[in-house]
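Colleague: Sharing final15.cif below, mmCIF, C-alpha atoms:
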```cif
data_run
loop_
_atom_site.label_atom_id
_atom_site.label_comp_id
_atom_site.auth_asym_id
_atom_site.auth_seq_id
_atom_site.Cartn_x
_atom_site.Cartn_y
_atom_site.Cartn_z
CA MET A 22 0.00 0.00 0.00
CA THR A 23 1.34 3.42 -0.86
CA VAL A 24 0.04 6.93 -0.51
CA ASP A 25 -0.48 9.03 -3.61
CA SER A 26 2.78 10.03 -5.29
CA GLY A 27 3.23 13.77 -5.67
CA VAL A 28 5.98 16.01 -6.99
CA ILE A 29 8.66 17.36 -4.67
CA HIS A 30 10.09 20.84 -5.21
CA ASP A 31 13.71 20.74 -6.51
CA ILE A 32 13.69 17.07 -7.54
CA VAL A 33 14.97 16.91 -11.13
CA LEU A 34 14.59 14.08 -13.65
CA THR A 35 16.88 14.31 -16.69
CA PRO A 36 16.55 12.02 -19.73
CA LEU A 37 19.69 9.99 -20.47
CA ASN A 38 20.84 8.49 -23.75
CA VAL A 39 21.23 4.76 -24.22
CA ILE A 40 23.27 4.07 -27.35
CA ALA A 41 22.15 0.65 -28.52
CA ASP A 42 24.82 -1.70 -29.85
CA GLU A 43 24.58 -5.43 -30.54
CA ARG A 44 27.78 -5.91 -28.52
CA GLY A 45 26.24 -4.12 -25.51
CA ALA A 46 24.85 -0.62 -25.00
CA VAL A 47 26.62 2.56 -23.93
CA LEU A 48 24.69 4.41 -21.22
CA HIS A 49 25.30 8.05 -20.45
CA MET A 50 25.12 9.31 -16.86
CA LEU A 51 26.62 12.72 -16.04
CA ARG A 52 29.10 15.09 -17.66
CA CYS A 53 30.73 18.25 -16.34
CA ASP A 54 29.53 20.52 -19.15
CA ARG A 55 25.80 19.78 -19.05
CA ALA A 56 22.94 20.19 -16.59
CA PRO A 57 22.28 19.01 -13.95
CA PHE A 58 25.99 18.80 -13.12
CA GLY A 59 27.04 20.91 -10.14
CA GLN A 60 30.15 19.52 -8.50
CA PHE A 61 31.92 16.14 -8.34
CA GLY A 62 32.49 14.59 -4.94
CA GLU A 63 32.29 10.81 -5.34
CA VAL A 64 30.89 8.12 -7.60
CA TYR A 65 29.93 4.76 -6.08
CA PHE A 66 27.40 1.94 -6.48
CA SER A 67 24.78 0.36 -4.26
CA GLU A 68 23.36 -3.03 -5.14
CA ALA A 69 19.93 -4.11 -3.99
CA THR A 70 18.95 -7.76 -3.94
CA ALA A 71 15.59 -8.50 -5.60
CA GLY A 72 12.74 -7.29 -3.42
CA VAL A 73 15.00 -5.63 -0.86
CA VAL A 74 14.44 -2.06 0.35
CA LYS A 75 17.35 0.19 1.39
CA GLY A 76 16.38 3.27 3.38
CA TRP A 77 15.45 5.65 4.89
CA LYS A 78 18.38 7.97 4.52
CA ARG A 79 19.05 11.64 3.94
CA HIS A 80 22.07 13.88 3.55
CA LYS A 81 22.62 17.29 5.06
CA ARG A 82 24.88 18.75 2.37
CA MET A 83 25.15 16.18 -0.44
CA THR A 84 23.28 16.48 -3.73
CA GLN A 85 22.87 13.05 -5.26
CA ASN A 86 22.59 12.03 -8.90
CA PHE A 87 21.09 8.55 -9.21
CA ALA A 88 20.88 6.28 -12.25
CA VAL A 89 20.17 2.54 -12.48
CA PRO A 90 22.18 0.95 -15.30
CA VAL A 91 21.26 -2.64 -14.35
CA GLY A 92 17.77 -3.77 -13.33
CA THR A 93 14.92 -1.58 -12.16
CA MET A 94 14.39 0.26 -8.90
CA LYS A 95 11.59 2.18 -7.27
CA VAL A 96 12.91 5.22 -5.45
CA VAL A 97 10.68 6.84 -2.84
CA LEU A 98 11.37 10.41 -1.69
CA PHE A 99 9.87 12.30 1.24
CA ASP A 100 10.05 16.03 1.76
CA ASP A 101 9.89 17.16 5.36
CA ARG A 102 11.74 20.45 4.85
CA PRO A 103 9.58 22.92 6.80
CA ASP A 104 10.08 25.75 4.31
CA SER A 105 9.48 23.67 1.17
CA PRO A 106 6.40 24.32 -0.99
CA SER A 107 6.04 20.53 -1.18
CA PHE A 108 6.47 19.90 2.56
CA GLY A 109 4.93 16.55 3.50
CA THR A 110 4.94 15.16 -0.04
CA ILE A 111 5.91 11.60 -1.00
CA GLN A 112 7.24 11.11 -4.55
CA GLU A 113 7.80 7.72 -6.22
CA VAL A 114 10.22 7.48 -9.14
CA LEU A 115 10.97 4.45 -11.30
CA LEU A 116 14.59 4.20 -12.46
CA GLY A 117 16.27 1.63 -14.67
CA ARG A 118 16.16 -0.55 -17.70
CA PRO A 119 14.70 -0.78 -20.24
CA ASP A 120 12.21 2.08 -20.06
CA ALA A 121 13.29 4.35 -17.23
CA TYR A 122 17.01 4.92 -17.75
CA ARG A 123 17.29 8.53 -16.57
CA LEU A 124 19.00 10.67 -13.96
CA LEU A 125 17.33 11.55 -10.65
CA THR A 126 18.85 14.55 -8.87
CA VAL A 127 18.03 14.79 -5.17
CA PRO A 128 19.00 17.90 -3.19
CA PRO A 129 20.10 17.75 0.46
CA MET A 130 17.56 17.11 3.27
CA ILE A 131 15.21 14.88 1.25
CA TRP A 132 14.55 11.44 2.77
CA TYR A 133 14.95 8.58 0.31
CA GLY A 134 14.78 4.81 0.02
CA PHE A 135 14.92 2.39 -2.90
CA LYS A 136 13.79 -1.11 -3.78
CA ALA A 137 14.87 -3.51 -6.53
CA LEU A 138 11.84 -4.54 -8.56
CA GLY A 139 11.50 -7.79 -10.50
CA ASP A 140 13.34 -11.08 -10.02
CA ASP A 141 16.91 -9.82 -10.28
CA SER A 142 19.09 -7.54 -8.23
CA ALA A 143 19.59 -4.00 -9.47
CA LEU A 144 22.52 -1.58 -9.37
CA MET A 145 22.18 2.03 -8.27
CA ALA A 146 24.93 4.43 -9.33
CA ASN A 147 25.31 7.67 -7.41
CA CYS A 148 27.47 10.55 -8.60
CA ALA A 149 27.37 12.81 -5.56
CA SER A 150 28.42 16.43 -5.05
CA ILE A 151 30.65 15.74 -2.05
CA PRO A 152 32.53 12.63 -0.93
CA HIS A 153 31.05 10.41 1.75
CA GLU A 154 31.45 11.64 5.32
CA PRO A 155 30.12 9.41 8.10
CA LEU A 156 28.32 12.17 10.02
CA GLU A 157 26.85 13.99 7.01
CA GLY A 158 24.15 11.35 6.43
CA GLU A 159 21.30 10.26 8.69
CA THR A 160 19.40 6.98 8.70
CA VAL A 161 16.04 6.04 10.22
CA PRO A 162 14.41 2.59 10.21
CA LEU A 163 11.96 1.71 7.42
CA SER A 164 9.35 1.26 10.16
CA THR A 165 9.54 4.90 11.31
CA GLN A 166 6.23 6.63 11.94
CA GLY A 167 7.74 9.87 10.64
CA ILE A 168 7.52 8.96 6.95
CA PRO A 169 4.01 8.22 5.66
CA TYR A 170 4.91 5.39 3.29
CA VAL A 171 4.50 1.62 3.47
CA TRP A 172 6.79 -0.37 1.18
CA MET B 9 46.26 -17.24 -27.80
CA THR B 10 47.81 -14.24 -26.16
CA VAL B 11 51.30 -12.85 -25.93
CA ASP B 12 52.89 -12.52 -22.51
CA SER B 13 51.27 -9.84 -20.40
CA GLY B 14 53.68 -7.17 -19.19
CA VAL B 15 53.35 -3.98 -17.20
CA ILE B 16 52.78 -0.66 -18.93
CA HIS B 17 54.35 2.52 -17.53
CA ASP B 18 51.72 4.85 -15.97
CA ILE B 19 48.94 2.27 -15.72
CA VAL B 20 47.62 2.37 -12.14
CA LEU B 21 45.57 -0.25 -10.31
CA THR B 22 43.92 0.95 -7.09
CA PRO B 23 42.16 -1.39 -4.63
CA LEU B 24 38.50 -0.52 -4.05
CA ASN B 25 36.32 -1.34 -1.06
CA VAL B 26 33.26 -3.53 -1.33
CA ILE B 27 31.10 -3.12 1.76
CA ALA B 28 29.22 -6.39 2.07
CA ASP B 29 25.57 -6.19 3.13
CA GLU B 30 22.92 -8.92 3.02
CA ARG B 31 20.61 -6.43 1.26
CA GLY B 32 23.23 -5.81 -1.46
CA ALA B 33 26.81 -4.48 -1.37
CA VAL B 34 28.06 -0.90 -1.59
CA LEU B 35 30.96 -0.58 -4.02
CA HIS B 36 33.32 2.37 -3.95
CA MET B 37 34.71 3.79 -7.20
CA LEU B 38 36.30 7.26 -7.16
CA ARG B 39 36.22 10.27 -4.84
CA CYS B 40 37.60 13.77 -5.32
CA ASP B 41 39.81 13.77 -2.24
CA ARG B 42 41.75 10.55 -2.84
CA ALA B 43 44.22 9.22 -5.42
CA PRO B 44 44.02 8.51 -8.28
CA PHE B 45 41.46 11.30 -8.80
CA GLY B 46 42.61 14.03 -11.15
CA GLN B 47 39.65 15.77 -12.74
CA PHE B 48 35.99 14.94 -13.44
CA GLY B 49 34.78 15.08 -17.02
CA GLU B 50 32.10 12.43 -17.43
CA VAL B 51 30.84 9.20 -15.93
CA TYR B 52 29.15 6.64 -18.21
CA PHE B 53 28.71 2.88 -18.63
CA SER B 54 29.51 0.40 -21.35
CA GLU B 55 27.87 -3.02 -21.34
CA ALA B 56 29.48 -6.01 -23.00
CA THR B 57 27.42 -9.06 -23.89
CA ALA B 58 28.98 -12.36 -22.74
CA GLY B 59 31.98 -13.23 -24.90
CA VAL B 60 31.92 -9.96 -26.82
CA VAL B 61 35.05 -7.83 -27.31
CA LYS B 62 34.86 -4.04 -27.60
CA GLY B 63 37.97 -2.34 -28.99
CA TRP B 64 40.50 -1.20 -30.02
CA LYS B 65 40.22 2.37 -28.95
CA ARG B 66 42.43 5.11 -27.56
CA HIS B 67 42.02 8.70 -26.42
CA LYS B 68 44.31 11.60 -27.11
CA ARG B 69 43.64 13.65 -23.97
CA MET B 70 41.30 11.62 -21.74
CA THR B 71 42.46 9.75 -18.66
CA GLN B 72 40.05 6.92 -17.92
CA ASN B 73 39.15 5.30 -14.61
CA PHE B 74 37.56 1.90 -15.18
CA ALA B 75 35.72 -0.34 -12.71
CA VAL B 76 33.43 -3.31 -13.33
CA PRO B 77 30.63 -3.42 -10.72
CA VAL B 78 28.68 -6.22 -12.49
CA GLY B 79 30.28 -9.30 -14.05
CA THR B 80 33.92 -9.75 -14.99
CA MET B 81 35.94 -8.30 -17.83
CA LYS B 82 39.37 -8.80 -19.27
CA VAL B 83 40.91 -5.48 -20.29
CA VAL B 84 43.84 -5.56 -22.70
CA LEU B 85 46.11 -2.52 -23.01
CA PHE B 86 48.79 -1.80 -25.62
CA ASP B 87 51.48 0.85 -25.33
CA ASP B 88 52.76 2.19 -28.62
CA ARG B 89 53.91 5.56 -27.26
CA PRO B 90 57.35 5.96 -28.86
CA ASP B 91 58.87 7.63 -25.80
CA SER B 92 57.46 5.21 -23.23
CA PRO B 93 59.78 2.90 -21.24
CA SER B 94 57.19 0.17 -21.89
CA PHE B 95 56.81 0.85 -25.64
CA GLY B 96 55.45 -2.25 -27.40
CA THR B 97 54.07 -3.86 -24.22
CA ILE B 98 50.72 -5.64 -23.94
CA GLN B 99 49.12 -5.73 -20.45
CA GLU B 100 46.11 -7.82 -19.49
CA VAL B 101 44.02 -6.78 -16.48
CA LEU B 102 41.08 -8.62 -14.94
CA LEU B 103 38.37 -6.36 -13.53
CA GLY B 104 35.15 -7.22 -11.78
CA ARG B 105 33.34 -9.35 -9.27
CA PRO B 106 33.90 -11.10 -6.99
CA ASP B 107 37.68 -11.06 -6.79
CA ALA B 108 38.90 -8.20 -8.98
CA TYR B 109 36.80 -5.20 -8.00
CA ARG B 110 39.39 -2.42 -8.37
CA LEU B 111 40.07 0.74 -10.32
CA LEU B 112 42.15 0.75 -13.50
CA THR B 113 43.51 4.17 -14.46
CA VAL B 114 44.58 4.48 -18.09
CA PRO B 115 46.41 7.61 -19.29
CA PRO B 116 45.91 9.09 -22.78
CA MET B 117 47.39 7.38 -25.88
CA ILE B 118 47.12 3.79 -24.60
CA TRP B 119 45.16 1.41 -26.85
CA TYR B 120 42.55 -0.66 -25.00
CA GLY B 121 39.87 -3.24 -25.53
CA PHE B 122 37.72 -5.29 -23.17
CA LYS B 123 35.82 -8.56 -23.15
CA ALA B 124 33.05 -9.87 -20.88
CA LEU B 125 34.12 -13.20 -19.38
CA GLY B 126 31.76 -15.94 -18.21
CA ASP B 127 28.16 -16.59 -19.18
CA ASP B 128 26.69 -13.19 -18.34
CA SER B 129 27.09 -9.70 -19.66
CA ALA B 130 29.25 -7.30 -17.68
CA LEU B 131 29.11 -3.57 -16.99
CA MET B 132 32.11 -1.28 -17.35
CA ALA B 133 31.93 2.06 -15.57
CA ASN B 134 34.25 4.83 -16.72
CA CYS B 135 34.82 8.02 -14.75
CA ALA B 136 36.84 10.03 -17.27
CA SER B 137 38.85 13.23 -16.90
CA ILE B 138 37.11 15.07 -19.76
CA PRO B 139 33.67 14.70 -21.33
CA HIS B 140 33.28 12.73 -24.53
CA GLU B 141 34.28 14.55 -27.71
CA PRO B 142 33.77 12.73 -31.00
CA LEU B 143 37.19 13.55 -32.48
CA GLU B 144 39.21 13.01 -29.31
CA GLY B 145 39.04 9.20 -29.55
CA GLU B 146 40.35 6.87 -32.24
CA THR B 147 39.21 3.35 -33.10
CA VAL B 148 40.89 0.59 -35.08
CA PRO B 149 39.44 -2.85 -35.93
CA LEU B 150 40.17 -5.79 -33.63
CA SER B 151 41.85 -7.43 -36.63
CA THR B 152 44.51 -4.72 -36.97
CA GLN B 153 48.06 -5.92 -37.55
CA GLY B 154 49.30 -2.98 -35.48
CA ILE B 155 48.42 -4.49 -32.08
CA PRO B 156 50.11 -7.83 -31.30
CA TYR B 157 47.20 -9.49 -29.50
CA VAL B 158 44.71 -12.16 -30.49
CA TRP B 159 41.50 -12.21 -28.47
#
```
Starting from the file, give its structure as structure tokens.
Modeller:
Amino acid sequence: MTVDSGVIHDIVLTPLNVIADERGAVLHMLRCDRAPFGQFGEVYFSEATAGVVKGWKRHKRMTQNFAVPVGTMKVVLFDDRPDSPSFGTIQEVLLGRPDAYRLLTVPPMIWYGFKALGDDSALMANCASIPHEPLEGETVPLSTQGIPYVW
Amino acid sequence: MTVDSGVIHDIVLTPLNVIADERGAVLHMLRCDRAPFGQFGEVYFSEATAGVVKGWKRHKRMTQNFAVPVGTMKVVLFDDRPDSPSFGTIQEVLLGRPDAYRLLTVPPMIWYGFKALGDDSALMANCASIPHEPLEGETVPLSTQGIPYVW
């Protein structure tokens, strides 16, 4: 069961090219001379086993750029920024292959979680604006009452 | 049949952390505050279907940082830089899961190709020092006589 999915202020979805090739596709992600690039801090990957949810997490200063080059994921975002015009909104975004290969840009202070859909694991790539710092991110359990979403 | 694999001057292999997690691993790749980072130009992916070889290619100005977060690839490098101490050398590098998750840094003017090993396709990630420019890269057929390697 999920609540209605809305649109969160400042969340940006950017189409990405997939260059088909019988030997294997080339998939664009982010380049320094095109939007939505801001700053490069770190690129890393997070796998999710089929059916597994990773979350909830948010970052205080990091802007994240997510793409899913393998498999499909549902990303759920929650805006509890008091000054945001979309305060209280949940947004669901599908990312991945074959029909949703695109870039999801998430500004700081947005809660997020993601789940691998289908029978296979999926790979999330994140090209973030700052490198990982242990105390810059916060985590709360999926069962929290503070986020109105049931996976 | 391959020739002996040597070591090419300026090719750098950097160990990368894989943070195991029953929900799916987190895999580091490159961050701005640690070697071998130089400059961020573009991050993109190149799939290779099982058994397929992509190559030969080289870049005139781009430094490439390769990692294979899904599957396993053999990367073959050839140095024909006249002034290089390893001029004429072929180097083979295994990249990927589960035992060779690491970063391969390739400076400009090195020829390279890669092949997905095993029964599944593999995913190459490249975090390059400059964004893609059509005339900055060169390609020659795998059958070229100029590179002493038989895939």
Colleague: Can you spell out as a PyMOL selection string the set of residues that the PyMOL selection byres ((chain A) within 7 of (chain B)) selects in the structure I just provided?
Modeller: chain A and resi 44-53+61-70+73+152
Colleague: Just give me the gap between CA of Thr97 (chain B) and CA of Thr80 (chain B) in Å, one decimal is fine.
Modeller: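 Interatomic distance here is 22.9 Å.
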Colleague: To verify the selection step, state as a ChimeraX atom specification which residues the PyMOL selection byres ((chain B and resi 104-107) around 8) yields on this input.
Modeller: /B:75-81,102-103,108-110
Colleague: If I take CA of Pro103 (chain A) and CA of Ile131 (chain A), how far is one from the other in Å, to one decimal?
Modeller: 11.3 Å
Colleague: With all atoms listed in the file as the counted atoms, please give the residues lying no more than 6 Å from region 147-153 of chain B, apart from itself and same-chain residues fewer than 2 positions off, as an MDAnalysis selection string.
Modeller: chainID B and resid 64:65 155
Colleague: Which residues, named as in the file, does the PyMOL selection byres ((chain A and resi 105) around 12) pick out? Answer as an mmCIF file with C-alpha atoms, in the frame of the given file.
Modeller:
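And here is the file that came out, selection_5.cif:
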```cif
data_model
loop_
_atom_site.group_PDB
_atom_site.id
_atom_site.type_symbol
_atom_site.label_atom_id
_atom_site.label_comp_id
_atom_site.auth_asym_id
_atom_site.auth_seq_id
_atom_site.Cartn_x
_atom_site.Cartn_y
_atom_site.Cartn_z
ATOM 1 C CA VAL A 28 5.980 16.010 -6.990
ATOM 2 C CA ILE A 29 8.660 17.360 -4.670
ATOM 3 C CA HIS A 30 10.090 20.840 -5.210
ATOM 4 C CA ASP A 31 13.710 20.740 -6.510
ATOM 5 C CA ILE A 32 13.690 17.070 -7.540
ATOM 6 C CA PHE A 99 9.870 12.300 1.240
ATOM 7 C CA ASP A 100 10.050 16.030 1.760
ATOM 8 C CA ASP A 101 9.890 17.160 5.360
ATOM 9 C CA ARG A 102 11.740 20.450 4.850
ATOM 10 C CA PRO A 103 9.580 22.920 6.800
ATOM 11 C CA ASP A 104 10.080 25.750 4.310
ATOM 12 C CA PRO A 106 6.400 24.320 -0.990
ATOM 13 C CA SER A 107 6.040 20.530 -1.180
ATOM 14 C CA PHE A 108 6.470 19.900 2.560
ATOM 15 C CA GLY A 109 4.930 16.550 3.500
ATOM 16 C CA THR A 110 4.940 15.160 -0.040
ATOM 17 C CA PRO A 128 19.000 17.900 -3.190
ATOM 18 C CA MET A 130 17.560 17.110 3.270
ATOM 19 C CA ILE A 131 15.210 14.880 1.250
#
```
Colleague: Quick one, how far is CA of Thr22 (chain B) from CA of Pro44 (chain B)?
Modeller: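 CA of Pro44 (chain B) lies 7.7 Å from CA of Thr22 (chain B).
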Colleague: Which residues, written as a PyMOL selection string, have at least one atom at most 6 Å from Leu125 (chain A), with only C-alpha atoms counted and residues fewer than 2 positions away on the same chain left out?
Modeller: chain A and resi 33-34+86-87
Colleague: Here is a test: counting all atoms listed in the file, which residue of A:Pro36, A:Gly167, A:Gly27, A:Gly139 is nearest to Leu98 (chain A)?
Modeller: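 So, comparing all the options, the nearest one is A:Gly27.
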Colleague: Output region 89-100 of chain A with all heavy atoms present, as a PDB file, keeping the file's coordinate frame.
Modeller:
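Saved as part.pdb:
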```pdb
ATOM      1  N   VAL A  89      20.185   3.996 -12.669  1.00  0.00           N
ATOM      2  CA  VAL A  89      20.170   2.540 -12.480  1.00  0.00           C
ATOM      3  C   VAL A  89      20.516   1.869 -13.806  1.00  0.00           C
ATOM      4  O   VAL A  89      19.643   1.676 -14.648  1.00  0.00           O
ATOM      5  CB  VAL A  89      18.788   2.087 -11.940  1.00  0.00           C
ATOM      6  CG1 VAL A  89      18.710   0.568 -11.861  1.00  0.00           C
ATOM      7  CG2 VAL A  89      18.542   2.696 -10.551  1.00  0.00           C
ATOM      8  N   PRO A  90      21.794   1.537 -14.017  1.00  0.00           N
ATOM      9  CA  PRO A  90      22.180   0.950 -15.300  1.00  0.00           C
ATOM     10  C   PRO A  90      21.876  -0.542 -15.433  1.00  0.00           C
ATOM     11  O   PRO A  90      21.924  -1.075 -16.534  1.00  0.00           O
ATOM     12  CB  PRO A  90      23.703   1.195 -15.348  1.00  0.00           C
ATOM     13  CG  PRO A  90      24.121   1.255 -13.913  1.00  0.00           C
ATOM     14  CD  PRO A  90      22.955   1.866 -13.176  1.00  0.00           C
ATOM     15  N   VAL A  91      21.582  -1.216 -14.315  1.00  0.00           N
ATOM     16  CA  VAL A  91      21.260  -2.640 -14.350  1.00  0.00           C
ATOM     17  C   VAL A  91      20.026  -2.875 -13.495  1.00  0.00           C
ATOM     18  O   VAL A  91      20.002  -2.500 -12.323  1.00  0.00           O
ATOM     19  CB  VAL A  91      22.438  -3.489 -13.806  1.00  0.00           C
ATOM     20  CG1 VAL A  91      22.066  -4.968 -13.754  1.00  0.00           C
ATOM     21  CG2 VAL A  91      23.690  -3.284 -14.649  1.00  0.00           C
ATOM     22  N   GLY A  92      18.993  -3.494 -14.075  1.00  0.00           N
ATOM     23  CA  GLY A  92      17.770  -3.770 -13.330  1.00  0.00           C
ATOM     24  C   GLY A  92      16.865  -2.552 -13.244  1.00  0.00           C
ATOM     25  O   GLY A  92      17.029  -1.569 -13.984  1.00  0.00           O
ATOM     26  N   THR A  93      15.904  -2.651 -12.342  1.00  0.00           N
ATOM     27  CA  THR A  93      14.920  -1.580 -12.160  1.00  0.00           C
ATOM     28  C   THR A  93      14.732  -1.331 -10.676  1.00  0.00           C
ATOM     29  O   THR A  93      14.683  -2.284  -9.886  1.00  0.00           O
ATOM     30  CB  THR A  93      13.556  -1.970 -12.770  1.00  0.00           C
ATOM     31  OG1 THR A  93      13.748  -2.469 -14.087  1.00  0.00           O
ATOM     32  CG2 THR A  93      12.624  -0.779 -12.835  1.00  0.00           C
ATOM     33  N   MET A  94      14.627  -0.082 -10.299  1.00  0.00           N
ATOM     34  CA  MET A  94      14.390   0.260  -8.900  1.00  0.00           C
ATOM     35  C   MET A  94      13.245   1.256  -8.780  1.00  0.00           C
ATOM     36  O   MET A  94      13.055   2.106  -9.649  1.00  0.00           O
ATOM     37  CB  MET A  94      15.634   0.883  -8.274  1.00  0.00           C
ATOM     38  CG  MET A  94      16.777  -0.080  -8.099  1.00  0.00           C
ATOM     39  SD  MET A  94      17.864   0.471  -6.759  1.00  0.00           S
ATOM     40  CE  MET A  94      19.253  -0.653  -6.994  1.00  0.00           C
ATOM     41  N   LYS A  95      12.522   1.130  -7.682  1.00  0.00           N
ATOM     42  CA  LYS A  95      11.590   2.180  -7.270  1.00  0.00           C
ATOM     43  C   LYS A  95      12.285   3.003  -6.207  1.00  0.00           C
ATOM     44  O   LYS A  95      12.762   2.452  -5.208  1.00  0.00           O
ATOM     45  CB  LYS A  95      10.299   1.574  -6.727  1.00  0.00           C
ATOM     46  CG  LYS A  95       9.324   2.627  -6.238  1.00  0.00           C
ATOM     47  CD  LYS A  95       7.961   2.047  -5.909  1.00  0.00           C
ATOM     48  CE  LYS A  95       7.991   1.215  -4.634  1.00  0.00           C
ATOM     49  NZ  LYS A  95       6.630   0.903  -4.155  1.00  0.00           N
ATOM     50  N   VAL A  96      12.354   4.307  -6.440  1.00  0.00           N
ATOM     51  CA  VAL A  96      12.910   5.220  -5.450  1.00  0.00           C
ATOM     52  C   VAL A  96      11.748   5.987  -4.843  1.00  0.00           C
ATOM     53  O   VAL A  96      10.876   6.481  -5.569  1.00  0.00           O
ATOM     54  CB  VAL A  96      13.913   6.210  -6.084  1.00  0.00           C
ATOM     55  CG1 VAL A  96      14.547   7.093  -5.020  1.00  0.00           C
ATOM     56  CG2 VAL A  96      14.982   5.468  -6.873  1.00  0.00           C
ATOM     57  N   VAL A  97      11.729   6.072  -3.536  1.00  0.00           N
ATOM     58  CA  VAL A  97      10.680   6.840  -2.840  1.00  0.00           C
ATOM     59  C   VAL A  97      11.355   7.983  -2.088  1.00  0.00           C
ATOM     60  O   VAL A  97      12.355   7.773  -1.386  1.00  0.00           O
ATOM     61  CB  VAL A  97       9.854   5.955  -1.896  1.00  0.00           C
ATOM     62  CG1 VAL A  97       8.794   6.785  -1.181  1.00  0.00           C
ATOM     63  CG2 VAL A  97       9.208   4.816  -2.677  1.00  0.00           C
ATOM     64  N   LEU A  98      10.814   9.184  -2.280  1.00  0.00           N
ATOM     65  CA  LEU A  98      11.370  10.410  -1.690  1.00  0.00           C
ATOM     66  C   LEU A  98      10.330  11.024  -0.772  1.00  0.00           C
ATOM     67  O   LEU A  98       9.129  10.960  -1.052  1.00  0.00           O
ATOM     68  CB  LEU A  98      11.701  11.399  -2.812  1.00  0.00           C
ATOM     69  CG  LEU A  98      12.591  10.861  -3.935  1.00  0.00           C
ATOM     70  CD1 LEU A  98      12.478  11.734  -5.180  1.00  0.00           C
ATOM     71  CD2 LEU A  98      14.031  10.764  -3.472  1.00  0.00           C
ATOM     72  N   PHE A  99      10.795  11.622   0.313  1.00  0.00           N
ATOM     73  CA  PHE A  99       9.870  12.300   1.240  1.00  0.00           C
ATOM     74  C   PHE A  99      10.457  13.649   1.629  1.00  0.00           C
ATOM     75  O   PHE A  99      11.616  13.749   2.037  1.00  0.00           O
ATOM     76  CB  PHE A  99       9.634  11.440   2.488  1.00  0.00           C
ATOM     77  CG  PHE A  99       8.740  12.110   3.498  1.00  0.00           C
ATOM     78  CD1 PHE A  99       7.437  12.472   3.171  1.00  0.00           C
ATOM     79  CD2 PHE A  99       9.206  12.393   4.783  1.00  0.00           C
ATOM     80  CE1 PHE A  99       6.616  13.102   4.100  1.00  0.00           C
ATOM     81  CE2 PHE A  99       8.386  13.020   5.715  1.00  0.00           C
ATOM     82  CZ  PHE A  99       7.079  13.376   5.372  1.00  0.00           C
ATOM     83  N   ASP A 100       9.639  14.654   1.488  1.00  0.00           N
ATOM     84  CA  ASP A 100      10.050  16.030   1.760  1.00  0.00           C
ATOM     85  C   ASP A 100       9.497  16.472   3.109  1.00  0.00           C
ATOM     86  O   ASP A 100       8.292  16.690   3.251  1.00  0.00           O
ATOM     87  CB  ASP A 100       9.504  16.934   0.636  1.00  0.00           C
ATOM     88  CG  ASP A 100       9.930  18.399   0.800  1.00  0.00           C
ATOM     89  OD1 ASP A 100      10.669  18.709   1.759  1.00  0.00           O
ATOM     90  OD2 ASP A 100       9.522  19.216  -0.051  1.00  0.00           O
TER      91      ASP A 100
END
```
